[in-house]
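Asks: Shown below is the structure under consideration.
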Amino acid sequence: MSVFKRLRDLTLSNVYALIEKAEDPIKLTDQYIRDMQEDLEDAEKAVAAQIALEKKFKQLYEEQAQLVEKRGEQAHIAAQAQNIDLARRALEEKKAAEAKAAEYKTSFDNNKAMADNLRGKLDEMRKQLTDMKNKRETLVARYQAAKAQEHINKSLAGFSSDSASAGLKRMEEKMLQAEARAEASNEMAQSKGKSLDDEFAALGKDKAVEDELAALLKQYEKKE
């Protein structure tokens, strides 16, 4: 028995509630939609068969109604011609046609009422199927959003701001150490790379500065 047939007596809102409580609401919704489509196809066949009966009895009724009118006219013609036997036969067939017409009219009315009722139910089934398909789109969006949120929460659960700060501090310390080593290495490379001429040139630069400083100070010596 399909899900739809089990739940056909429930309101659509109750069905939505059951779906939303399911472990996988998308799968249950898709199954429910498939079941509804199958039931809708069966209902369409039943309605088509009922409409065929409605049309059949309508045709039979109309044929007998036309025969009633025809035999009545023929009875008048026979009576005018003073053909009593022919007029009597026409009236007898007219009466039989009237009985059949009344019978067919009753069958037509009954079958039309049933067909109209089935048409209404079929329209309601189509509306419910459309509502369910629209509901599926909403459920898919909500389900995907919930899964994404769950994934983010799991990721955040393993993430600690304290551990992140400590890790960043360790990285900064290692960076400072690396920079210090690089600077020391650079100074060593520069000192090792000096030639004898470079050292004498530096010495000369230092003497010139001292001479200029001595001359400057001499200008401000107190005269006795």
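Residue names in the structure tokens use chain letters A, B, ... in the order shown, residue numbers from 1 in each chain, and ligand numbers from 1 in the order shown.
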Quick one: everything within 12 Å of A:Glu41, counting only C-alpha atoms, minus sequence neighbours fewer than 4 positions away in the same chain. Send it as an MDAnalysis selection string.

Replies: chainID A and resid 34:37 45:48 122 125:126 129

Asks: Can you measure atom CA of A:Phe108 to atom CA of A:Glu44 for me? One decimal in Å is fine.

Replies: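 Computed distance, atom CA of A:Phe108 to atom CA of A:Glu44, equals 20.0 Å.
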
Asks: From the set A:Gln66, A:Gln144, A:Ser107, A:Gln149, which residue has the shortest atom-to-atom contact distance to A:Asp24, counting only C-alpha atoms?

Replies: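 When distances to A:Asp24 are compared using only C-alpha atoms, the smallest one comes from A:Gln144.
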
Asks: Just give me the gap between atom CA of A:Glu38 and atom CA of A:Leu53 in Å, one decimal is fine.

Replies: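 Straight-line distance from atom CA of A:Glu38 to atom CA of A:Leu53 works out to 23.2 Å.
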
Asks: Calculate how many Å separate atom CA of A:Ile51 from atom CA of A:Gly120, rounding to one decimal.

Replies: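 Those two atoms sit 12.8 Å apart.
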
Asks: Write out as number ranges by chain which residues come within 10 Å of A:Glu54 when counting only C-alpha atoms, dropping same-chain ones fewer than 3 positions away.

Replies: A: 48-51, 57-59, 107-116

Asks: Using only all heavy atoms, please write the residues we just selected to a file, as a short mmCIF file (atom, residue, chain, number, x, y, z; two decimals), in the first residue's frame.

Replies:
```
data_model
loop_
_atom_site.label_atom_id
_atom_site.label_comp_id
_atom_site.auth_asym_id
_atom_site.auth_seq_id
_atom_site.Cartn_x
_atom_site.Cartn_y
_atom_site.Cartn_z
N ALA A 48 -12.18 9.43 -16.51
CA ALA A 48 -12.39 9.28 -17.95
C ALA A 48 -13.47 8.23 -18.23
O ALA A 48 -14.33 8.41 -19.10
CB ALA A 48 -11.07 8.89 -18.64
N ALA A 49 -13.43 7.11 -17.49
CA ALA A 49 -14.44 6.06 -17.66
C ALA A 49 -15.82 6.56 -17.26
O ALA A 49 -16.83 6.27 -17.94
CB ALA A 49 -14.07 4.84 -16.82
N GLN A 50 -15.89 7.34 -16.19
CA GLN A 50 -17.18 7.88 -15.74
C GLN A 50 -17.73 8.89 -16.74
O GLN A 50 -18.93 8.95 -17.01
CB GLN A 50 -17.01 8.53 -14.36
CG GLN A 50 -18.33 8.92 -13.71
CD GLN A 50 -19.26 7.74 -13.50
OE1 GLN A 50 -18.83 6.68 -13.06
NE2 GLN A 50 -20.53 7.91 -13.85
N ILE A 51 -16.85 9.71 -17.29
CA ILE A 51 -17.27 10.69 -18.30
C ILE A 51 -17.78 9.98 -19.54
O ILE A 51 -18.75 10.42 -20.18
CB ILE A 51 -16.10 11.63 -18.65
CG1 ILE A 51 -15.79 12.55 -17.46
CG2 ILE A 51 -16.42 12.47 -19.87
CD1 ILE A 51 -14.58 13.42 -17.65
N PHE A 57 -24.95 7.75 -21.90
CA PHE A 57 -26.37 7.87 -21.53
C PHE A 57 -26.97 9.18 -22.05
O PHE A 57 -28.17 9.25 -22.33
CB PHE A 57 -26.53 7.77 -20.01
CG PHE A 57 -26.43 6.36 -19.50
CD1 PHE A 57 -25.33 5.94 -18.75
CD2 PHE A 57 -27.43 5.43 -19.79
CE1 PHE A 57 -25.25 4.64 -18.30
CE2 PHE A 57 -27.34 4.12 -19.32
CZ PHE A 57 -26.24 3.73 -18.59
N LYS A 58 -26.14 10.18 -22.19
CA LYS A 58 -26.64 11.43 -22.79
C LYS A 58 -27.04 11.20 -24.23
O LYS A 58 -28.09 11.66 -24.69
CB LYS A 58 -25.55 12.51 -22.71
CG LYS A 58 -26.01 13.85 -23.28
CD LYS A 58 -24.89 14.88 -23.21
CE LYS A 58 -25.37 16.20 -23.79
NZ LYS A 58 -24.30 17.23 -23.77
N GLN A 59 -26.17 10.46 -24.94
CA GLN A 59 -26.47 10.15 -26.34
C GLN A 59 -27.74 9.30 -26.46
O GLN A 59 -28.61 9.57 -27.31
CB GLN A 59 -25.28 9.44 -26.97
CG GLN A 59 -25.49 9.10 -28.45
CD GLN A 59 -24.31 8.34 -29.04
OE1 GLN A 59 -23.31 8.13 -28.36
NE2 GLN A 59 -24.43 7.94 -30.29
N SER A 107 -30.34 7.85 -15.81
CA SER A 107 -28.97 7.31 -15.81
C SER A 107 -27.96 8.39 -16.17
O SER A 107 -26.86 8.46 -15.57
CB SER A 107 -28.87 6.15 -16.80
OG SER A 107 -29.69 5.07 -16.40
N PHE A 108 -28.34 9.24 -17.12
CA PHE A 108 -27.45 10.34 -17.51
C PHE A 108 -27.23 11.30 -16.35
O PHE A 108 -26.08 11.69 -16.05
CB PHE A 108 -28.04 11.09 -18.71
CG PHE A 108 -27.39 12.42 -18.96
CD1 PHE A 108 -26.08 12.52 -19.37
CD2 PHE A 108 -28.10 13.61 -18.74
CE1 PHE A 108 -25.48 13.75 -19.57
CE2 PHE A 108 -27.51 14.83 -18.93
CZ PHE A 108 -26.20 14.91 -19.36
N ASP A 109 -28.28 11.68 -15.66
CA ASP A 109 -28.17 12.61 -14.53
C ASP A 109 -27.30 12.02 -13.42
O ASP A 109 -26.46 12.71 -12.84
CB ASP A 109 -29.56 12.94 -13.97
CG ASP A 109 -30.36 13.81 -14.94
OD1 ASP A 109 -29.74 14.44 -15.81
OD2 ASP A 109 -31.60 13.84 -14.81
N ASN A 110 -27.53 10.73 -13.12
CA ASN A 110 -26.75 10.07 -12.06
C ASN A 110 -25.27 10.00 -12.42
O ASN A 110 -24.39 10.28 -11.59
CB ASN A 110 -27.29 8.67 -11.79
CG ASN A 110 -28.65 8.70 -11.14
OD1 ASN A 110 -29.04 9.69 -10.52
ND2 ASN A 110 -29.40 7.60 -11.27
N ASN A 111 -25.00 9.59 -13.65
CA ASN A 111 -23.60 9.46 -14.07
C ASN A 111 -22.93 10.83 -14.21
O ASN A 111 -21.73 10.96 -13.95
CB ASN A 111 -23.52 8.71 -15.39
CG ASN A 111 -23.65 7.20 -15.21
OD1 ASN A 111 -22.70 6.51 -14.87
ND2 ASN A 111 -24.86 6.69 -15.41
N LYS A 112 -23.69 11.83 -14.62
CA LYS A 112 -23.12 13.18 -14.70
C LYS A 112 -22.76 13.69 -13.30
O LYS A 112 -21.70 14.30 -13.11
CB LYS A 112 -24.10 14.15 -15.36
CG LYS A 112 -23.52 15.55 -15.56
CD LYS A 112 -24.51 16.45 -16.26
CE LYS A 112 -23.86 17.80 -16.56
NZ LYS A 112 -23.30 18.48 -15.40
N ALA A 113 -23.64 13.43 -12.33
CA ALA A 113 -23.35 13.85 -10.95
C ALA A 113 -22.10 13.15 -10.43
O ALA A 113 -21.24 13.77 -9.77
CB ALA A 113 -24.54 13.54 -10.06
N MET A 114 -21.97 11.85 -10.71
CA MET A 114 -20.78 11.12 -10.28
C MET A 114 -19.54 11.64 -10.97
O MET A 114 -18.47 11.79 -10.35
CB MET A 114 -20.97 9.63 -10.57
CG MET A 114 -22.04 8.95 -9.71
SD MET A 114 -22.29 7.20 -10.15
CE MET A 114 -20.68 6.54 -9.70
N ALA A 115 -19.67 11.93 -12.27
CA ALA A 115 -18.52 12.45 -13.02
C ALA A 115 -18.10 13.81 -12.49
O ALA A 115 -16.90 14.10 -12.35
CB ALA A 115 -18.87 12.53 -14.50
N ASP A 116 -19.09 14.67 -12.20
CA ASP A 116 -18.77 15.99 -11.65
C ASP A 116 -18.08 15.87 -10.30
O ASP A 116 -17.13 16.62 -9.99
CB ASP A 116 -20.05 16.83 -11.51
CG ASP A 116 -20.63 17.24 -12.86
OD1 ASP A 116 -19.87 17.18 -13.85
OD2 ASP A 116 -21.82 17.60 -12.91
#
```

Asks: When you count only C-alpha atoms, which of these residues is closest to A:Gly72: A:Leu91, A:Ala43, A:Leu86, A:Met175?

Replies: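 Once distances to A:Gly72 are computed over only C-alpha atoms, the minimum belongs to A:Leu91.
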
Asks: Nearest to A:Lys95: which of A:Arg170, A:Gln64, A:Asp131, A:Glu124 is it, counting only C-alpha atoms?

Replies: A:Gln64

Asks: Could you list, as a list in words, every residue within 10 Å of A:Lys100, counting only C-alpha atoms and ignoring same-chain residues fewer than 2 positions away?

Replies: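 Answer for this query is Leu60, Tyr61, Glu63, Gln64, Ala65, Val68, Lys94, Lys95, Ala96, Ala97, Glu98, Ala102, Glu103, Tyr104, Lys105 and Thr106 of chain A.
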